Amino acid sequence: MAELHVELVAADRKVWSGEASLVVARTSSGDIGVMPGHQPLLGVLQPGPVTIRTTGESGGGTVVAAVHGGFISFADNKLSLLAEIAELSEEIDVQRAERALERAKSETDAAAERRAEIRLRAALASAR
């Protein structure tokens with residue numbers, strides 16, 4: 001099976017690294033799916049969940065991360081996601097994210113509301 005090497009890096013740490021068969025991310029041009037052999041690309045990441053279909057000896061799985069801006073680059077079957085902020089879904093406390101969403105709505109803070117919604121979508125997507 002063809003694979004691509006994926007590096008998801010936030011400004012403060014390496015979030016995830018490994019082999020994958022598909023990565024879906026939101027860019028300024030819309031959602032994009034990258035598979036092995038994709039044309040080279042460079043784009044701007046928009047806030048949203050990133051879904052990585054992993055491959056490996058124990059079979060495939062799915063990694064979901066909440067990403068808040070950054071860049072995506074693909075060449076030579078190597079995909080780099082360079083995010084301003086990124087959290088793996090299992091790192092997200094759903095109850096805390098729900099409280100943050102309610103607080104942002106009551107304070108009419110659109111940016112905070114969007115961040116909380118993205119975190120919740122990522123956390124709940126991996127629970128399926």
# chains A, B, ... in the order shown; residues from 1 in each chain; ligands from 1

$ select_by_dssp --residues "segment 24-109 of chain A" --states "strand (DSSP E or B)" --output "mmCIF file with N, CA and C atoms, in the first residue's frame"
data_model
loop_
_atom_site.group_PDB
_atom_site.id
_atom_site.type_symbol
_atom_site.label_atom_id
_atom_site.label_comp_id
_atom_site.auth_asym_id
_atom_site.auth_seq_id
_atom_site.Cartn_x
_atom_site.Cartn_y
_atom_site.Cartn_z
ATOM 1 N N VAL A 24 -7.023 14.794 5.331
ATOM 2 C CA VAL A 24 -8.033 15.769 4.920
ATOM 3 C C VAL A 24 -7.875 16.997 5.809
ATOM 4 N N ALA A 25 -7.760 18.169 5.171
ATOM 5 C CA ALA A 25 -7.573 19.418 5.901
ATOM 6 C C ALA A 25 -8.347 20.527 5.205
ATOM 7 N N ARG A 26 -8.600 21.591 5.935
ATOM 8 C CA ARG A 26 -9.291 22.756 5.375
ATOM 9 C C ARG A 26 -8.243 23.803 5.019
ATOM 10 N N THR A 27 -8.290 24.277 3.761
ATOM 11 C CA THR A 27 -7.385 25.331 3.307
ATOM 12 C C THR A 27 -8.200 26.558 2.917
ATOM 13 N N GLY A 30 -10.597 25.716 0.287
ATOM 14 C CA GLY A 30 -11.596 24.700 0.596
ATOM 15 C C GLY A 30 -10.953 23.462 1.178
ATOM 16 N N ASP A 31 -11.762 22.442 1.438
ATOM 17 C CA ASP A 31 -11.239 21.192 1.987
ATOM 18 C C ASP A 31 -10.420 20.478 0.924
ATOM 19 N N ILE A 32 -9.351 19.817 1.374
ATOM 20 C CA ILE A 32 -8.477 19.108 0.458
ATOM 21 C C ILE A 32 -8.131 17.748 1.043
ATOM 22 N N GLY A 33 -8.077 16.755 0.197
ATOM 23 C CA GLY A 33 -7.618 15.428 0.582
ATOM 24 C C GLY A 33 -6.292 15.158 -0.114
ATOM 25 N N VAL A 34 -5.312 14.719 0.642
ATOM 26 C CA VAL A 34 -3.990 14.434 0.078
ATOM 27 C C VAL A 34 -3.696 12.956 0.267
ATOM 28 N N LEU A 41 2.042 20.711 -3.412
ATOM 29 C CA LEU A 41 1.102 21.754 -3.023
ATOM 30 C C LEU A 41 1.658 22.567 -1.877
ATOM 31 N N LEU A 42 1.246 23.816 -1.836
ATOM 32 C CA LEU A 42 1.538 24.712 -0.726
ATOM 33 C C LEU A 42 0.279 25.525 -0.510
ATOM 34 N N GLY A 43 -0.246 25.526 0.717
ATOM 35 C CA GLY A 43 -1.483 26.244 0.971
ATOM 36 C C GLY A 43 -1.545 26.784 2.381
ATOM 37 N N VAL A 44 -2.550 27.587 2.602
ATOM 38 C CA VAL A 44 -2.800 28.178 3.911
ATOM 39 C C VAL A 44 -3.866 27.345 4.608
ATOM 40 N N LEU A 45 -3.551 26.857 5.816
ATOM 41 C CA LEU A 45 -4.525 26.102 6.609
ATOM 42 C C LEU A 45 -5.513 27.054 7.252
ATOM 43 N N GLY A 48 -9.861 24.362 11.613
ATOM 44 C CA GLY A 48 -10.767 23.244 11.408
ATOM 45 C C GLY A 48 -10.100 21.942 11.801
ATOM 46 N N PRO A 49 -10.864 20.857 11.774
ATOM 47 C CA PRO A 49 -10.274 19.560 12.085
ATOM 48 C C PRO A 49 -9.422 19.057 10.927
ATOM 49 N N VAL A 50 -8.351 18.363 11.254
ATOM 50 C CA VAL A 50 -7.527 17.652 10.282
ATOM 51 C C VAL A 50 -7.689 16.166 10.595
ATOM 52 N N THR A 51 -8.002 15.384 9.570
ATOM 53 C CA THR A 51 -8.184 13.944 9.739
ATOM 54 C C THR A 51 -7.075 13.216 9.010
ATOM 55 N N ILE A 52 -6.395 12.320 9.725
ATOM 56 C CA ILE A 52 -5.284 11.547 9.171
ATOM 57 C C ILE A 52 -5.656 10.075 9.238
ATOM 58 N N ARG A 53 -5.726 9.412 8.096
ATOM 59 C CA ARG A 53 -5.966 7.959 8.035
ATOM 60 C C ARG A 53 -4.598 7.296 8.076
ATOM 61 N N THR A 54 -4.299 6.691 9.208
ATOM 62 C CA THR A 54 -2.964 6.133 9.427
ATOM 63 C C THR A 54 -2.830 4.745 8.826
ATOM 64 N N GLY A 61 -5.776 3.343 11.259
ATOM 65 C CA GLY A 61 -6.586 4.011 12.262
ATOM 66 C C GLY A 61 -6.838 5.428 11.806
ATOM 67 N N THR A 62 -7.371 6.225 12.693
ATOM 68 C CA THR A 62 -7.651 7.617 12.374
ATOM 69 C C THR A 62 -7.139 8.504 13.496
ATOM 70 N N VAL A 63 -6.446 9.563 13.105
ATOM 71 C CA VAL A 63 -5.995 10.592 14.033
ATOM 72 C C VAL A 63 -6.723 11.865 13.633
ATOM 73 N N VAL A 64 -7.333 12.528 14.608
ATOM 74 C CA VAL A 64 -8.027 13.788 14.354
ATOM 75 C C VAL A 64 -7.388 14.855 15.242
ATOM 76 N N ALA A 65 -7.149 16.020 14.652
ATOM 77 C CA ALA A 65 -6.573 17.132 15.406
ATOM 78 C C ALA A 65 -7.344 18.405 15.106
ATOM 79 N N ALA A 66 -7.473 19.256 16.105
ATOM 80 C CA ALA A 66 -8.033 20.593 15.920
ATOM 81 C C ALA A 66 -6.869 21.507 15.565
ATOM 82 N N VAL A 67 -6.953 22.154 14.404
ATOM 83 C CA VAL A 67 -5.872 23.009 13.921
ATOM 84 C C VAL A 67 -6.411 24.424 13.772
ATOM 85 N N GLY A 70 -2.276 28.105 9.879
ATOM 86 C CA GLY A 70 -0.929 27.643 9.569
ATOM 87 C C GLY A 70 -0.776 27.379 8.079
ATOM 88 N N PHE A 71 0.096 26.421 7.739
ATOM 89 C CA PHE A 71 0.403 26.118 6.347
ATOM 90 C C PHE A 71 0.428 24.619 6.122
ATOM 91 N N ILE A 72 0.155 24.215 4.874
ATOM 92 C CA ILE A 72 0.236 22.825 4.465
ATOM 93 C C ILE A 72 1.159 22.764 3.256
ATOM 94 N N SER A 73 2.034 21.755 3.255
ATOM 95 C CA SER A 73 2.981 21.603 2.165
ATOM 96 C C SER A 73 3.127 20.119 1.840
ATOM 97 N N PHE A 74 3.116 19.787 0.546
ATOM 98 C CA PHE A 74 3.283 18.397 0.128
ATOM 99 C C PHE A 74 4.226 18.326 -1.056
ATOM 100 N N ALA A 75 5.216 17.434 -0.956
ATOM 101 C CA ALA A 75 6.153 17.146 -2.050
ATOM 102 C C ALA A 75 6.847 15.834 -1.719
ATOM 103 N N LYS A 78 5.784 13.571 1.160
ATOM 104 C CA LYS A 78 5.960 14.092 2.521
ATOM 105 C C LYS A 78 5.009 15.270 2.694
ATOM 106 N N LEU A 79 4.120 15.136 3.671
ATOM 107 C CA LEU A 79 3.139 16.181 3.967
ATOM 108 C C LEU A 79 3.498 16.846 5.272
ATOM 109 N N SER A 80 3.626 18.163 5.244
ATOM 110 C CA SER A 80 3.900 18.936 6.453
ATOM 111 C C SER A 80 2.713 19.837 6.736
ATOM 112 N N LEU A 81 2.219 19.742 7.958
ATOM 113 C CA LEU A 81 1.159 20.627 8.441
ATOM 114 C C LEU A 81 1.796 21.468 9.541
ATOM 115 N N LEU A 82 2.015 22.728 9.265
ATOM 116 C CA LEU A 82 2.669 23.628 10.204
ATOM 117 C C LEU A 82 1.601 24.559 10.765
ATOM 118 N N ALA A 83 1.158 24.278 11.969
ATOM 119 C CA ALA A 83 0.011 24.976 12.546
ATOM 120 C C ALA A 83 0.433 25.986 13.601
ATOM 121 N N ALA A 86 -2.278 23.415 17.444
ATOM 122 C CA ALA A 86 -2.859 22.120 17.071
ATOM 123 C C ALA A 86 -2.977 21.258 18.322
ATOM 124 N N GLU A 87 -4.109 20.558 18.428
ATOM 125 C CA GLU A 87 -4.361 19.641 19.547
ATOM 126 C C GLU A 87 -4.928 18.347 18.995
ATOM 127 N N LEU A 88 -4.389 17.231 19.449
ATOM 128 C CA LEU A 88 -4.978 15.954 19.092
ATOM 129 C C LEU A 88 -6.312 15.815 19.806
#

$ residues_around --residues "segment 89-98 of chain A" --least-positions-apart "5" --cutoff "10 Å" --atoms "only C-alpha atoms" --output "list in words"
Pro49, Val50, Val63, Val64, Ala65, Ala66, Arg103, Ala104, Glu113, Arg115, Ala116, Glu117, Ile118, Arg119, Leu120, Arg121, Ala122, Ala123, Leu124, Ala125, Ser126 and Ala127 of chain A

$ write_last_selection --atoms "N, CA and C atoms" --output "PDB file, in the first residue's frame"
ATOM      1  N   PRO A  49     -10.864  20.857  11.774  1.00  0.00           N
ATOM      2  CA  PRO A  49     -10.274  19.560  12.085  1.00  0.00           C
ATOM      3  C   PRO A  49      -9.422  19.057  10.927  1.00  0.00           C
ATOM      4  N   VAL A  50      -8.351  18.363  11.254  1.00  0.00           N
ATOM      5  CA  VAL A  50      -7.527  17.652  10.282  1.00  0.00           C
ATOM      6  C   VAL A  50      -7.689  16.166  10.595  1.00  0.00           C
ATOM      7  N   VAL A  63      -6.446   9.563  13.105  1.00  0.00           N
ATOM      8  CA  VAL A  63      -5.995  10.592  14.033  1.00  0.00           C
ATOM      9  C   VAL A  63      -6.723  11.865  13.633  1.00  0.00           C
ATOM     10  N   VAL A  64      -7.333  12.528  14.608  1.00  0.00           N
ATOM     11  CA  VAL A  64      -8.027  13.788  14.354  1.00  0.00           C
ATOM     12  C   VAL A  64      -7.388  14.855  15.242  1.00  0.00           C
ATOM     13  N   ALA A  65      -7.149  16.020  14.652  1.00  0.00           N
ATOM     14  CA  ALA A  65      -6.573  17.132  15.406  1.00  0.00           C
ATOM     15  C   ALA A  65      -7.344  18.405  15.106  1.00  0.00           C
ATOM     16  N   ALA A  66      -7.473  19.256  16.105  1.00  0.00           N
ATOM     17  CA  ALA A  66      -8.033  20.593  15.920  1.00  0.00           C
ATOM     18  C   ALA A  66      -6.869  21.507  15.565  1.00  0.00           C
ATOM     19  N   ARG A 103     -19.374  30.044  27.188  1.00  0.00           N
ATOM     20  CA  ARG A 103     -18.843  31.323  27.663  1.00  0.00           C
ATOM     21  C   ARG A 103     -18.626  32.284  26.491  1.00  0.00           C
ATOM     22  N   ALA A 104     -18.072  31.774  25.386  1.00  0.00           N
ATOM     23  CA  ALA A 104     -17.823  32.612  24.206  1.00  0.00           C
ATOM     24  C   ALA A 104     -19.135  33.126  23.616  1.00  0.00           C
ATOM     25  N   GLU A 113     -15.544  31.557  20.109  1.00  0.00           N
ATOM     26  CA  GLU A 113     -16.612  30.615  19.783  1.00  0.00           C
ATOM     27  C   GLU A 113     -16.154  29.671  18.669  1.00  0.00           C
ATOM     28  N   ARG A 115     -13.028  28.830  17.858  1.00  0.00           N
ATOM     29  CA  ARG A 115     -11.996  27.924  18.392  1.00  0.00           C
ATOM     30  C   ARG A 115     -12.631  26.787  19.181  1.00  0.00           C
ATOM     31  N   ALA A 116     -13.601  27.119  20.033  1.00  0.00           N
ATOM     32  CA  ALA A 116     -14.263  26.096  20.843  1.00  0.00           C
ATOM     33  C   ALA A 116     -15.036  25.117  19.968  1.00  0.00           C
ATOM     34  N   GLU A 117     -15.701  25.618  18.933  1.00  0.00           N
ATOM     35  CA  GLU A 117     -16.437  24.736  18.025  1.00  0.00           C
ATOM     36  C   GLU A 117     -15.503  23.765  17.310  1.00  0.00           C
ATOM     37  N   ILE A 118     -14.356  24.249  16.872  1.00  0.00           N
ATOM     38  CA  ILE A 118     -13.375  23.390  16.181  1.00  0.00           C
ATOM     39  C   ILE A 118     -12.855  22.317  17.130  1.00  0.00           C
ATOM     40  N   ARG A 119     -12.548  22.709  18.354  1.00  0.00           N
ATOM     41  CA  ARG A 119     -12.062  21.738  19.339  1.00  0.00           C
ATOM     42  C   ARG A 119     -13.106  20.661  19.587  1.00  0.00           C
ATOM     43  N   LEU A 120     -14.360  21.075  19.744  1.00  0.00           N
ATOM     44  CA  LEU A 120     -15.439  20.093  19.976  1.00  0.00           C
ATOM     45  C   LEU A 120     -15.621  19.167  18.775  1.00  0.00           C
ATOM     46  N   ARG A 121     -15.618  19.727  17.561  1.00  0.00           N
ATOM     47  CA  ARG A 121     -15.775  18.886  16.369  1.00  0.00           C
ATOM     48  C   ARG A 121     -14.666  17.855  16.268  1.00  0.00           C
ATOM     49  N   ALA A 122     -13.433  18.269  16.566  1.00  0.00           N
ATOM     50  CA  ALA A 122     -12.306  17.333  16.499  1.00  0.00           C
ATOM     51  C   ALA A 122     -12.448  16.251  17.560  1.00  0.00           C
ATOM     52  N   ALA A 123     -12.794  16.641  18.782  1.00  0.00           N
ATOM     53  CA  ALA A 123     -12.926  15.669  19.869  1.00  0.00           C
ATOM     54  C   ALA A 123     -14.044  14.670  19.588  1.00  0.00           C
ATOM     55  N   LEU A 124     -15.168  15.160  19.092  1.00  0.00           N
ATOM     56  CA  LEU A 124     -16.303  14.281  18.844  1.00  0.00           C
ATOM     57  C   LEU A 124     -16.105  13.437  17.588  1.00  0.00           C
ATOM     58  N   ALA A 125     -15.333  13.913  16.624  1.00  0.00           N
ATOM     59  CA  ALA A 125     -15.073  13.137  15.399  1.00  0.00           C
ATOM     60  C   ALA A 125     -14.273  11.879  15.707  1.00  0.00           C
ATOM     61  N   SER A 126     -13.355  11.970  16.630  1.00  0.00           N
ATOM     62  CA  SER A 126     -12.542  10.790  16.954  1.00  0.00           C
ATOM     63  C   SER A 126     -13.299   9.802  17.839  1.00  0.00           C
ATOM     64  N   ALA A 127     -14.380  10.263  18.468  1.00  0.00           N
ATOM     65  CA  ALA A 127     -15.167   9.381  19.337  1.00  0.00           C
ATOM     66  C   ALA A 127     -16.069   8.443  18.529  1.00  0.00           C
TER      67      ALA A 127
END

$ atom_distance --atom1 "atom CA of Arg114 of chain A" --atom2 "atom CA of Arg99 of chain A"
13.2 Å

$ select_by_dssp --residues "chain A" --states "helix (DSSP H, G or I)" --output "ChimeraX atom specification"
/A:89-91,94-106,110-127

$ write_last_selection --atoms "N, CA and C atoms" --output "CSV table (one decimal), in the first residue's frame"
chain,number,residue,atom,x,y,z
A,89,SER,N,-7.3,15.1,19.2
A,89,SER,CA,-8.6,15.0,19.7
A,89,SER,C,-8.6,14.4,21.1
A,90,GLU,N,-7.7,13.5,21.4
A,90,GLU,CA,-7.7,12.8,22.7
A,90,GLU,C,-7.1,13.8,23.8
A,91,GLU,N,-6.5,14.9,23.4
A,91,GLU,CA,-6.0,15.9,24.4
A,91,GLU,C,-7.1,16.9,24.8
A,94,VAL,N,-13.7,17.5,26.5
A,94,VAL,CA,-14.9,17.8,25.9
A,94,VAL,C,-15.7,18.8,26.8
A,95,GLN,N,-15.8,18.5,28.1
A,95,GLN,CA,-16.6,19.3,29.0
A,95,GLN,C,-16.1,20.7,29.1
A,96,ARG,N,-14.8,20.8,29.1
A,96,ARG,CA,-14.1,22.1,29.2
A,96,ARG,C,-14.4,22.9,27.9
A,97,ALA,N,-14.3,22.2,26.7
A,97,ALA,CA,-14.5,22.8,25.5
A,97,ALA,C,-16.0,23.3,25.4
A,98,GLU,N,-16.9,22.5,25.9
A,98,GLU,CA,-18.3,22.9,25.9
A,98,GLU,C,-18.5,24.1,26.7
A,99,ARG,N,-17.9,24.2,27.9
A,99,ARG,CA,-18.0,25.4,28.8
A,99,ARG,C,-17.4,26.6,28.1
A,100,ALA,N,-16.3,26.4,27.4
A,100,ALA,CA,-15.6,27.5,26.7
A,100,ALA,C,-16.6,28.0,25.6
A,101,LEU,N,-17.2,27.1,24.9
A,101,LEU,CA,-18.2,27.5,23.8
A,101,LEU,C,-19.3,28.3,24.4
A,102,GLU,N,-19.9,27.9,25.5
A,102,GLU,CA,-21.0,28.6,26.1
A,102,GLU,C,-20.6,30.0,26.6
A,103,ARG,N,-19.4,30.0,27.2
A,103,ARG,CA,-18.8,31.3,27.7
A,103,ARG,C,-18.6,32.3,26.5
A,104,ALA,N,-18.1,31.8,25.4
A,104,ALA,CA,-17.8,32.6,24.2
A,104,ALA,C,-19.1,33.1,23.6
A,105,LYS,N,-20.2,32.3,23.6
A,105,LYS,CA,-21.5,32.7,23.1
A,105,LYS,C,-22.1,33.8,24.0
A,106,SER,N,-22.0,33.6,25.3
A,106,SER,CA,-22.5,34.6,26.2
A,106,SER,C,-21.8,36.0,26.1
A,110,ALA,N,-16.7,36.0,18.9
A,110,ALA,CA,-16.8,35.1,17.7
A,110,ALA,C,-15.6,34.3,17.5
A,111,ALA,N,-14.4,34.9,17.8
A,111,ALA,CA,-13.1,34.1,17.6
A,111,ALA,C,-13.1,33.0,18.6
A,112,ALA,N,-13.4,33.2,19.8
A,112,ALA,CA,-13.3,32.2,20.9
A,112,ALA,C,-14.4,31.1,20.6
A,113,GLU,N,-15.5,31.6,20.1
A,113,GLU,CA,-16.6,30.6,19.8
A,113,GLU,C,-16.2,29.7,18.7
A,114,ARG,N,-15.5,30.2,17.6
A,114,ARG,CA,-15.0,29.4,16.5
A,114,ARG,C,-14.0,28.4,17.0
A,115,ARG,N,-13.0,28.8,17.9
A,115,ARG,CA,-12.0,27.9,18.4
A,115,ARG,C,-12.6,26.8,19.2
A,116,ALA,N,-13.6,27.1,20.0
A,116,ALA,CA,-14.3,26.1,20.8
A,116,ALA,C,-15.0,25.1,20.0
A,117,GLU,N,-15.7,25.6,18.9
A,117,GLU,CA,-16.4,24.7,18.0
A,117,GLU,C,-15.5,23.8,17.3
A,118,ILE,N,-14.4,24.2,16.9
A,118,ILE,CA,-13.4,23.4,16.2
A,118,ILE,C,-12.9,22.3,17.1
A,119,ARG,N,-12.5,22.7,18.4
A,119,ARG,CA,-12.1,21.7,19.3
A,119,ARG,C,-13.1,20.7,19.6
A,120,LEU,N,-14.4,21.1,19.7
A,120,LEU,CA,-15.4,20.1,20.0
A,120,LEU,C,-15.6,19.2,18.8
A,121,ARG,N,-15.6,19.7,17.6
A,121,ARG,CA,-15.8,18.9,16.4
A,121,ARG,C,-14.7,17.9,16.3
A,122,ALA,N,-13.4,18.3,16.6
A,122,ALA,CA,-12.3,17.3,16.5
A,122,ALA,C,-12.4,16.3,17.6
A,123,ALA,N,-12.8,16.6,18.8
A,123,ALA,CA,-12.9,15.7,19.9
A,123,ALA,C,-14.0,14.7,19.6
A,124,LEU,N,-15.2,15.2,19.1
A,124,LEU,CA,-16.3,14.3,18.8
A,124,LEU,C,-16.1,13.4,17.6
A,125,ALA,N,-15.3,13.9,16.6
A,125,ALA,CA,-15.1,13.1,15.4
A,125,ALA,C,-14.3,11.9,15.7
A,126,SER,N,-13.4,12.0,16.6
A,126,SER,CA,-12.5,10.8,17.0
A,126,SER,C,-13.3,9.8,17.8
A,127,ALA,N,-14.4,10.3,18.5
A,127,ALA,CA,-15.2,9.4,19.3
A,127,ALA,C,-16.1,8.4,18.5

$ closest_residue --among "A:Glu107, A:Glu19, A:Asp12, A:Glu7" --to "Pro36 of chain A" --atoms "only C-alpha atoms"
A:Glu19

$ residues_around --residues "Glu84 of chain A" --least-positions-apart "3" --cutoff "6 Å" --atoms "only C-alpha atoms" --output "NGL selection string"
:A and (10-11 or 69-70)

$ atom_distance --atom1 "atom CA of Ser21 of chain A" --atom2 "atom CA of Asn77 of chain A"
10.3 Å

$ atom_distance --atom1 "atom CA of Ser28 of chain A" --atom2 "atom CA of Asp109 of chain A"
22.3 Å

$ residues_around --residues "Ser17 of chain A" --least-positions-apart "4" --cutoff "8 Å" --atoms "only C-alpha atoms" --output "PyMOL selection string"
chain A and resi 5-8
